[in-house]
Structure formats: structure tokens, C-alpha cells
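Everything below concerns the one structure shown next.
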Amino acid sequence: MSATEEIIAAGPAEPARETPFRRNMRAFAANPLALGSAVVVGLFILMAIFAPLVAPHDPADTDLLRRLQPPAWLPGGDWAHPLGCDALGRDILSRIIYGARVSIFIGAAVVLVATTIGILAGLAAGYLRGWVDVAISRFVDILLGFPYLIFAIGLMAMMGPGLGNIILALVYKEWVIPCRVVRGETLAARELEYVEAARAIGASRGYIMLREILPNILSPVIVVSTIRMAHVIILEASLSFLGLGVQPPTASWGAMVADGRAFILQAWWVSTFPGVAILLLVLAINVASQGLRDAFDPRFHE
Amino acid sequence: MSLARLVERLLQLIPVLLGVSVIVFVMITLTPGDPVDIMIGDEIVTEEQEEAMRRDLGLDRPVHERFLVFLGNAVQGDFGESFYHGRPVADVIAERLPATIELTLVAMIIALVTAIPLGVLAAIKRNSILDRIATVGSLLGVSLPGFWFGILLIMLFAVQLDLLPVSGRIGYAFEIEPITHFMLIDTLLRGRPDAFLDALSHIILPAITLGLPMTAILMRVTRASMLEVLRQDYVTFAEAKGLARHRILFRHALKNALIPTVSVAAIETGSLLGGNMIVETVFGWPGLGRLVVESIFVRNYPLVQAAVLLYAVTYVMLNFFADILYTVLNPRVKL
């Protein structure tokens with residue numbers, strides 16, 4: 001069917017049928033590299049969810065006879081432990097699979113909580129203006145005064161290690177980023193006709209912010225959150241690497257790289273493979289979010 | 001930029017710096033563990049002695065008074081005693097600072113001298129193989145976890161190829177009396193080229209690791225702004241005039257294209273501060289970053305807090321200078 005026939009067959013034009021969101025998603029799907037990266041991210045998520053089914057071994061099972069056993073393709077390796085074993089004889093592949101849970105859970109939780117806070121604060125600052133805007137913007141400026149990792153390290157030193165504390169330590173600063181995006185977009189949107197129309201028919205401020213403005217500015221927020229997810233995953237891995245993240249025996253990629261540092265002379269694989277996992281996931285998220293950005297925001301096109 | 005604007009901008013720094021110190025103070029106050037208990041350790045003291053220590057530290061006073069005391073001391077560079085070292089925190093930090101600054105500067109230099117030519121080349125030869133490699137490279141640069149990249153470099157260049165040292169700042173065999181406390185400069189001032197080369201070989205890998213994300217970002221910025229500039233009318237005009245291509249590129253385009261690069265570089269220097277902790281830990285670099293990480297594990301909180309404050313103030317100032325620099329370079333922008 002030709003394009004003209006399609007239009008005729010579809011009957012009278014229905015402009016509301018394809019929402020901008022759908023159109024953007026179609027543009028995204030047309031970019032094979034971005035789509036492929038999104039599939040990789042999806043596979044990582046599935047791997048994390050179904051870790052107990054996918055992992056060949058218990059990630060905490062130690063076996064000193066298999067201490068620093070090399071990957072299967074090297075002399076001394078065997079296919080029961082494809083990526084070899086660490087200093088306690090634990091299966092590296094299984095630990096990487098379980099480690100995906102920590103990285104993805106923390107990444108998703110931090111971005112979700114931070115984006116929610118950022119949206120609410122950004123809407124309030126951008127729409128209400130006045131002292132609300134001054135208060136929120138000053139606070140944002142102050143938090144931006146701290147280098148991210150140092151702020152998180154200071155907080156982790158204060159709160160002690162643990163899953164909940166890592167999420168908190170990162171959220172404390174992370175919300176600032178979506179907040180600034182939302183505030184800027186809201187400032188622009190509040191002058192537009194649709195907002196004025198809503199005001200004219202007497203809609204409440206809460207209704208205008210959440211039901212009128214928010215759906216219209218969601219695209220850049222989604223794009224920014226996906227990019228931030230990659231950053232948060234690296235930050236979490238960095239904290240774990242320094243020993244300030246989730247505590248052993250829970251497998252986390254950053255801690256696994258740190259464990260392997262002592263053995264780089266005789267067992268390169270212990271540090272190398274968990275790092276490959278971080279790189280693959282972060283790279284896939286970055287490429288996918290770039291595709292998302294290109295599809296969602298024509299302003300970013302060169 | 002007028003002087004009035006500069007002063008206005010400087011005054012705007014005050015609430016931010018004040019807010020930053022409030023947050024650091026809150027961190028101190030909320031940190032679990034009584035500082036007096038930590039100081040006492042295993043020693044046996046009477047209750048009166050403990051009370052006296054509490055009074056000496058001002059812990060018996062209300063919170064807002066303690067904040068003012070903290071602020072007053074901080075302004076004078078007094079951050080209290082580092083229990084672990086038995087010396088003032090400020091002294092311990094001052095001792096470690098030059099190594100961190102030296103590493104950061106070298107990382108910056110490496111980032112600038114690789115990112116700018118690569119970014120310019122990628123823009124000139126747009127969509128060529130080189131452009132594609134640069135794009136993939138910059139994507140890799142921001143996706144690589146620094147601690148892991150550092151370990152890979154160690155495994156390749158120090159362990160496998162045995163070309164460079166694994167860690168440290170200079171070989172144990174060299175004893176260099178400090179002058180500026182920058183190893184690369186001191187070795188030269190003392191007339192020890194052999195020691196200079198040794199120090200250089202120690203700093204290469206950590207500096208590359210630290211500078212990698214900055215290189216990636218600067219390359220992207222340079223490429224984008226060069227492409228933007230090449231589309232401008234004055235470049236077309238210069239081409240129409242028949243000026244030589246290299247003359248247009250270097251005399252007309254590059255100068256303007258580098259404005260965003262320079263200001264992003266100033267901002268990114270701030271992010272190198274955070275990277276220092278990781279890189280210094282990986283490479284056993286005797287700087288402030290590693291000291292902070294070590295201090296967390298021995299619960300040497302006064303040092304951690306002083307360092308967090310120092311980093312934050314530096315970061316705020318760097319961003320301030322980045323703003324100023326941007327306005328000075330680009331007179332169309334009003335601060």
C-alpha cells in the first residue's frame with residue numbers, strides 16, 4: 001500500500017491518533033544502534049531479575065581448591081566456571097550475574113527517587129516563582145558546590161555502608177539535576193497559551209503543574225534520567241570499589257574489581273571481567289539514551 | 001566585564017559558600033560516634049577529665065554557637081586535630097595537597113593536548129573514519145569506570161610490558177629535598193634529570209586515567225563548537241575571499257571554537273577533584289584523595305570533613321572562574 005492509499009484507507013485525518021511520544025518512540029526504534037543498545041540494557045535487567053535461574057553457581061559459594069582458577073579457555077580452567085574463580089574460589093560469572101542486581105537496583109532506585117523529587121521541586125520553583133523559587137534555587141546552587149563523588153563519600157562516611165545508605169547518599173545530590181531541567185522547562189511552559197487557558201478556566205495550581213505542564217515537559221526529563229542512570233551506576237561502582245558500598249559477601253561489580261587488585265600479577269581475570277560488565281552496561285545505557293535524546297529532542301540535532 | 005558586575009558576582013558566592021559550610025557542619029554533627037570517645041580510645045579517664053575535654057572542644061555549647069566557632073576556625077584554616085596523626089588537620093592536608101595538585105594539572109594538560117586537536121580534526125573531517133573513531137572514543141571515555149581503566153593500564157604497561165611503575169610518586173632510590181613540593185619541578189630544580197624521568201614515568205598512568213573522562217568531554221565540546229563556527233558567515237566570507245584553508249581554520253575559526261572548550265575545561269577541572277580519590281587509591285598516589293579514603297576507614301572524621309569543605313570551596317571557586325573566563329573570552333555574554 002502506498003502512502004497515499006494508507007491515508008485514504010485510514011479515513012479522515014485523526015491528528016490525535018499519533019501522540020508526539022509515539023512518534024518519538026518510532027524515531028528511536030528506527031535507529032538500529034540505539035535500539036540494539038536498549039536491547040542490551042534489557043538483557044542486563046532480565047539477567048538481574050532472573051539471577052538465581054541464570055547463574056550457574058551460588059555467588060557466595062567458596063571453594064579454596066578453585067582459588068584463582070583461570071577462565072575456561074586458559075590452561076587450568078574448566079567450563080563449569082567459564083570466567084574463572086576469585087581468591088575465595090567463588091564463580092566469577094555467577095557473581096557478575098548477581099552483581100547486576102546491585103548496580104541496576106541502585107541505579108534505578110536513585111534515578112527514580114531523584115527524578116520524582118526533582119520534578120516536584122522543579123515544578124514548584126518554575127511555576128510558583130517568588131520565594132519558593134529563590135529557596136529551591138539557592139539550595140540547588142549550594143548542592144552543586146560539592147563535587148558529586150566527594151559529597152557521596154562524605155555522606156557514606158557519616159552514615160556507614162549499606163544498600164539504603166548508598167541510595168540516600170546519591171539521591172541527596174542527584175535530584176538537583178532533574179530539578180534544574182524541570183525548572184527551566186516549566187519557566188518556558190508557564191508563559192504558553194495552554195497554561196494560560198487552564199488558568200483562565202480556573203484550574204488549581206496543583207492541577208496546572210501536574211496535569212497540564214508535567215506531561216508536556218516529560219520528554220527532556222526522561223532523556224536526562226536515562227543518561228543519569230549511567231552516571232549513577234558508575235558512582236555506585238566507585239563507592240563499592242572504595243569499600244564504601246554494599247558490604248561483602250553481597251556481590252557488587254565495583255567491589256569485585258577491588259578484590260582482584262591484589263592479584264593482578266597472577267590472576268588478571270578477577271578484576272577484568274566485572275569491569276567489562278560495568279563498561280558494557282554503562283556504554284549500552286549511554287548509546288541508548290543518546291538515541292533517545294536524538295529522537296525526543298530535535299533541538300539536539302547538529 | 002565591568003568591575004561592578006565582578007563584585008556582584010563575587011558577592012553571590014557568599015551564600016553558596018556559607019551554605020556549603022552549613023552542610024559540612026551538619027555532616028559533622030550527624031556523624032555517629034562521640035568525638036571525645038574516639039579521642040579517648042582505650043585510655044582510662046575520669047568523668048571530670050571527659051567533661052573537660054568536651055568543654056575544650058566546645059561540645060557543651062548550643063548548635064548554632066558551635067557552627068559559628070566551626071566557621072571562624074575554618075576561615076583561619078583551623079580544622080582541629082587529626083587524631084590519627086596527632087597533628088593539626090590543616091598540616092596533614094597541606095602536606096598531601098601538592099601531590100594532588102600536580103597530578104590534577106598533568107591530567108588537565110594531557111586532556112587538553114589530546115582533546116583539542118582530535119576535536120578539531122574530527123570536525124574538519126566530519127563523517128570520516130577519524131571522526132567516527134573520535135566519536136566512539138569519547139563515548140568509551142565517559143563510560144569507562146576510572147578505577148577499572150587504571151587497573152587495566154597497570155596490568156598492561158606495568159605488569160605485562162614492564163614499561164612503567166605500578167604505583168607511587170617516585171622511586172625509593174631517589175631522595176629529593178622539596179622546594180616547590182611538585183616532584184616534576186623539584187627534580188629539575190635539584191638538577192636531577194634521572195629523578196625527573198622517574199617521576200614522569202610514575203605520573204603518566206594516573207594522569208591518563210584521571211584525565212580520560214575530561215578528554216572525552218572536551219573532545220566532544222571542541223568538535224561541536226568547531227562545526228558550529230565553520231557554519232558561520234564570517235568563515236564563508238573568508239572562504240569567498242579566497243583565504244587559504246589552514247589560515248581560515250587557525251586564524252579565524254579556532255579562536256572562537258575554543259571558547260566553550262576553555263570554559264568546559266575549567267568546570268571539568270572540578271570533577272577531576274572527585275576522580276582523584278579513585279585514581280590515587282588505584283595508583284597508591286600519596287595525595288589528598290587517598291588520605292581522605294584512608295581517613296574514612298580509621299574514622300578520622302575531622303580530616304574527612306575538612307577535606308570535603310576544601311574540595312567544595314575549590315569546586316565553587318573553579319566554577320566561578322569558569323564563568324568569568326567565559327565572559328571575558330566571549331564579550332557578547334553578559335554575566
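Going by the C-alpha cells order, chains are called A, B, ..., each with residues numbered from 1, while ligands are numbered from 1 in the order shown.
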
Determine which residues of chain A sit within 8 Å of chain B, taking into account only C-alpha atoms, and present them as an mmCIF file with N, CA, C and O atoms, in the first residue's frame.
```cif
data_model
loop_
_atom_site.group_PDB
_atom_site.id
_atom_site.type_symbol
_atom_site.label_atom_id
_atom_site.label_comp_id
_atom_site.auth_asym_id
_atom_site.auth_seq_id
_atom_site.Cartn_x
_atom_site.Cartn_y
_atom_site.Cartn_z
ATOM 1 N N ARG A 138 18.533 28.425 45.476
ATOM 2 C CA ARG A 138 19.723 28.608 46.334
ATOM 3 C C ARG A 138 20.234 27.257 46.820
ATOM 4 O O ARG A 138 21.429 26.984 46.820
ATOM 5 N N PHE A 139 19.281 26.417 47.269
ATOM 6 C CA PHE A 139 19.661 25.107 47.786
ATOM 7 C C PHE A 139 20.351 24.290 46.691
ATOM 8 O O PHE A 139 21.368 23.630 46.926
ATOM 9 N N ASP A 141 22.003 25.513 44.149
ATOM 10 C CA ASP A 141 23.338 26.087 43.943
ATOM 11 C C ASP A 141 24.334 25.568 44.969
ATOM 12 O O ASP A 141 25.488 25.269 44.655
ATOM 13 N N ILE A 142 23.863 25.474 46.224
ATOM 14 C CA ILE A 142 24.760 25.009 47.292
ATOM 15 C C ILE A 142 25.162 23.560 47.048
ATOM 16 O O ILE A 142 26.339 23.200 47.125
ATOM 17 N N LEU A 143 24.162 22.723 46.714
ATOM 18 C CA LEU A 143 24.482 21.308 46.477
ATOM 19 C C LEU A 143 25.398 21.154 45.266
ATOM 20 O O LEU A 143 26.267 20.278 45.241
ATOM 21 N N GLY A 145 27.700 22.973 44.625
ATOM 22 C CA GLY A 145 29.034 23.356 45.073
ATOM 23 C C GLY A 145 29.893 22.181 45.497
ATOM 24 O O GLY A 145 31.098 22.333 45.668
ATOM 25 N N PHE A 146 29.274 21.028 45.683
ATOM 26 C CA PHE A 146 30.067 19.854 46.086
ATOM 27 C C PHE A 146 30.362 18.989 44.875
ATOM 28 O O PHE A 146 29.449 18.659 44.119
ATOM 29 N N PRO A 147 31.625 18.596 44.685
ATOM 30 C CA PRO A 147 31.879 17.565 43.687
ATOM 31 C C PRO A 147 31.093 16.305 44.088
ATOM 32 O O PRO A 147 31.046 15.956 45.262
ATOM 33 N N TYR A 148 30.442 15.687 43.115
ATOM 34 C CA TYR A 148 29.486 14.608 43.382
ATOM 35 C C TYR A 148 30.068 13.481 44.243
ATOM 36 O O TYR A 148 29.555 13.150 45.313
ATOM 37 N N LEU A 149 31.178 12.918 43.755
ATOM 38 C CA LEU A 149 31.719 11.742 44.439
ATOM 39 C C LEU A 149 32.148 12.085 45.858
ATOM 40 O O LEU A 149 31.967 11.293 46.795
ATOM 41 N N ILE A 150 32.689 13.300 46.035
ATOM 42 C CA ILE A 150 33.153 13.700 47.362
ATOM 43 C C ILE A 150 31.977 13.866 48.319
ATOM 44 O O ILE A 150 32.037 13.450 49.477
ATOM 45 N N PHE A 151 30.895 14.434 47.821
ATOM 46 C CA PHE A 151 29.689 14.574 48.628
ATOM 47 C C PHE A 151 29.188 13.196 49.058
ATOM 48 O O PHE A 151 28.897 12.961 50.237
ATOM 49 N N GLY A 154 31.563 11.677 51.640
ATOM 50 C CA GLY A 154 31.359 12.290 52.952
ATOM 51 C C GLY A 154 30.126 11.725 53.632
ATOM 52 O O GLY A 154 30.148 11.387 54.820
ATOM 53 N N LEU A 155 29.043 11.584 52.856
ATOM 54 C CA LEU A 155 27.809 11.063 53.437
ATOM 55 C C LEU A 155 27.950 9.600 53.835
ATOM 56 O O LEU A 155 27.465 9.184 54.889
ATOM 57 N N ALA A 157 30.647 8.104 54.718
ATOM 58 C CA ALA A 157 31.483 8.044 55.909
ATOM 59 C C ALA A 157 30.624 8.321 57.140
ATOM 60 O O ALA A 157 30.807 7.718 58.197
ATOM 61 N N MET A 158 29.672 9.220 56.968
ATOM 62 C CA MET A 158 28.825 9.616 58.079
ATOM 63 C C MET A 158 27.792 8.548 58.387
ATOM 64 O O MET A 158 27.585 8.183 59.541
ATOM 65 N N MET A 159 27.150 8.014 57.341
ATOM 66 C CA MET A 159 26.014 7.113 57.562
ATOM 67 C C MET A 159 26.430 5.653 57.687
ATOM 68 O O MET A 159 25.654 4.846 58.165
ATOM 69 N N ALA A 230 23.336 5.986 33.865
ATOM 70 C CA ALA A 230 24.696 5.520 33.589
ATOM 71 C C ALA A 230 25.674 6.115 34.596
ATOM 72 O O ALA A 230 26.545 5.411 35.133
ATOM 73 N N ILE A 234 28.049 4.133 37.598
ATOM 74 C CA ILE A 234 29.500 4.285 37.782
ATOM 75 C C ILE A 234 29.814 4.795 39.192
ATOM 76 O O ILE A 234 30.753 4.327 39.841
ATOM 77 N N ALA A 237 29.477 1.953 41.604
ATOM 78 C CA ALA A 237 30.612 1.044 41.459
ATOM 79 C C ALA A 237 31.865 1.666 42.089
ATOM 80 O O ALA A 237 32.671 0.965 42.717
ATOM 81 N N SER A 238 32.014 2.999 41.952
ATOM 82 C CA SER A 238 33.180 3.662 42.534
ATOM 83 C C SER A 238 33.143 3.585 44.054
ATOM 84 O O SER A 238 34.160 3.316 44.698
ATOM 85 N N PHE A 241 33.963 0.150 45.018
ATOM 86 C CA PHE A 241 35.388 -0.092 44.819
ATOM 87 C C PHE A 241 36.186 0.421 46.013
ATOM 88 O O PHE A 241 37.133 -0.213 46.469
ATOM 89 N N LEU A 242 35.777 1.578 46.557
ATOM 90 C CA LEU A 242 36.492 2.152 47.694
ATOM 91 C C LEU A 242 36.140 1.445 49.007
ATOM 92 O O LEU A 242 36.708 1.758 50.049
ATOM 93 N N VAL A 257 36.022 -5.721 41.381
ATOM 94 C CA VAL A 257 37.241 -5.162 40.772
ATOM 95 C C VAL A 257 38.272 -4.887 41.865
ATOM 96 O O VAL A 257 39.460 -5.195 41.724
ATOM 97 N N ARG A 261 42.331 -6.534 42.665
ATOM 98 C CA ARG A 261 43.532 -5.693 42.596
ATOM 99 C C ARG A 261 44.752 -6.358 43.183
ATOM 100 O O ARG A 261 45.865 -6.176 42.705
ATOM 101 N N ILE A 264 46.578 -8.867 40.510
ATOM 102 C CA ILE A 264 46.760 -8.548 39.094
ATOM 103 C C ILE A 264 48.016 -9.198 38.527
ATOM 104 O O ILE A 264 48.128 -9.378 37.330
ATOM 105 N N LEU A 265 48.949 -9.582 39.383
ATOM 106 C CA LEU A 265 50.161 -10.223 38.876
ATOM 107 C C LEU A 265 49.879 -11.649 38.408
ATOM 108 O O LEU A 265 50.386 -12.078 37.386
ATOM 109 N N TRP A 268 44.659 -11.956 36.307
ATOM 110 C CA TRP A 268 44.081 -10.738 35.734
ATOM 111 C C TRP A 268 42.573 -10.794 35.633
ATOM 112 O O TRP A 268 41.900 -9.781 35.634
ATOM 113 N N SER A 271 39.797 -9.016 38.349
ATOM 114 C CA SER A 271 39.410 -7.601 38.220
ATOM 115 C C SER A 271 38.786 -7.300 36.863
ATOM 116 O O SER A 271 37.934 -6.434 36.748
ATOM 117 N N THR A 272 39.257 -7.995 35.824
ATOM 118 C CA THR A 272 38.901 -7.590 34.463
ATOM 119 C C THR A 272 37.420 -7.813 34.134
ATOM 120 O O THR A 272 36.750 -6.895 33.665
ATOM 121 N N GLY A 275 34.685 -5.478 35.506
ATOM 122 C CA GLY A 275 34.814 -4.171 34.862
ATOM 123 C C GLY A 275 34.200 -4.170 33.475
ATOM 124 O O GLY A 275 33.565 -3.201 33.056
ATOM 125 N N ILE A 278 30.537 -3.648 33.862
ATOM 126 C CA ILE A 278 30.180 -2.246 34.100
ATOM 127 C C ILE A 278 30.234 -1.489 32.783
ATOM 128 O O ILE A 278 29.313 -0.764 32.420
ATOM 129 N N LEU A 279 31.341 -1.659 32.051
ATOM 130 C CA LEU A 279 31.530 -0.923 30.804
ATOM 131 C C LEU A 279 30.397 -1.211 29.821
ATOM 132 O O LEU A 279 29.826 -0.303 29.230
ATOM 133 N N VAL A 282 27.039 0.374 31.082
ATOM 134 C CA VAL A 282 27.067 1.842 31.038
ATOM 135 C C VAL A 282 27.110 2.336 29.596
ATOM 136 O O VAL A 282 26.412 3.278 29.219
ATOM 137 N N LEU A 283 27.907 1.663 28.777
ATOM 138 C CA LEU A 283 28.004 2.044 27.369
ATOM 139 C C LEU A 283 26.646 1.875 26.681
ATOM 140 O O LEU A 283 26.198 2.768 25.941
ATOM 141 N N ASN A 286 24.373 4.612 27.736
ATOM 142 C CA ASN A 286 24.767 5.876 27.121
ATOM 143 C C ASN A 286 24.340 5.964 25.649
ATOM 144 O O ASN A 286 23.815 6.981 25.211
ATOM 145 N N VAL A 287 24.581 4.876 24.901
ATOM 146 C CA VAL A 287 24.225 4.894 23.485
ATOM 147 C C VAL A 287 22.712 4.962 23.329
ATOM 148 O O VAL A 287 22.175 5.743 22.532
ATOM 149 N N GLU A 302 22.459 18.148 15.244
ATOM 150 C CA GLU A 302 23.539 19.074 14.888
ATOM 151 C C GLU A 302 23.095 20.112 13.884
ATOM 152 O O GLU A 302 22.447 19.796 12.922
#
```

Give me, as a VMD selection string, all polymer residues having an atom no more than 8 Å from A:Ile166, counting only C-alpha atoms and skipping those fewer than 3 positions away in the same chain. chain A and resid 106 156 161 to 163 169 to 170 236 245 to 246

One-decimal distance in Å that lies between atom CA of A:Ile92 and atom CA of A:Trp79: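 Computing it gives 12.2 Å between the two atoms.
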
Can you list, as a PyMOL selection string, every protein, DNA or RNA residue that comes within 12 Å of A:Leu35 when you count only C-alpha atoms, leaving out same-chain residues fewer than 3 positions away? chain A and resi 25-32+38-42+284-292+295

Please extract the residues of stretch 5-76 of chain A with a backbone DSSP assignment of helix (DSSP H, G or I) and present them as a ChimeraX atom specification. /A:5-9,20-29,32-49,51-54,64-66

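Closest approach to A:Arg205 among A:Leu68, A:Ile117, A:Leu128, A:Ala55: A:Leu128, based on only C-alpha atoms.
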
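Residue-level DSSP output for stretch 16-253 of chain B, from the backbone, shows strand (DSSP E or B) at B:Glu81, B:Ser82, B:Arg87, B:Pro88.
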
Restricted to C-alpha atoms, what would the selected residues look like written as an mmCIF file, in the first residue's frame?
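selection-v3.cif was written with the following content:
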```cif
data_model
loop_
_atom_site.group_PDB
_atom_site.id
_atom_site.type_symbol
_atom_site.label_atom_id
_atom_site.label_comp_id
_atom_site.auth_asym_id
_atom_site.auth_seq_id
_atom_site.Cartn_x
_atom_site.Cartn_y
_atom_site.Cartn_z
ATOM 1 C CA GLU B 81 43.360 17.860 65.417
ATOM 2 C CA SER B 82 43.773 14.786 63.252
ATOM 3 C CA ARG B 87 48.829 16.787 64.366
ATOM 4 C CA PRO B 88 46.580 19.582 63.145
#
```

In Å to one decimal, how far is atom CA of B:Pro213 from atom CA of B:Leu105? 14.6 Å

Selected residue, from B:Val298, B:Leu303, B:Ile14, B:Ile176, that lies nearest to B:Arg192 when counting only C-alpha atoms: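 Smallest distance to B:Arg192 is found for B:Ile176.
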
Neighbours of A:His57 within 12 Å (only C-alpha atoms; same-chain residues fewer than 5 positions away dropped), as a list in words?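 Listed by chain and then number, they are Ala51, Pro52, Thr62, Asp63, Ala80, His81, Pro82, Gly84, Cys85, Gly89, Arg90, Asp91, Ile92, Leu93, Ser94, Arg95, Ile96, Ile97 and Tyr98 of chain A.
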
Quick one: pull the distance between atom CA of A:Ala108 and atom CA of A:Met229, Å, one decimal.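 Between atom CA of A:Ala108 and atom CA of A:Met229 the gap is 6.8 Å.
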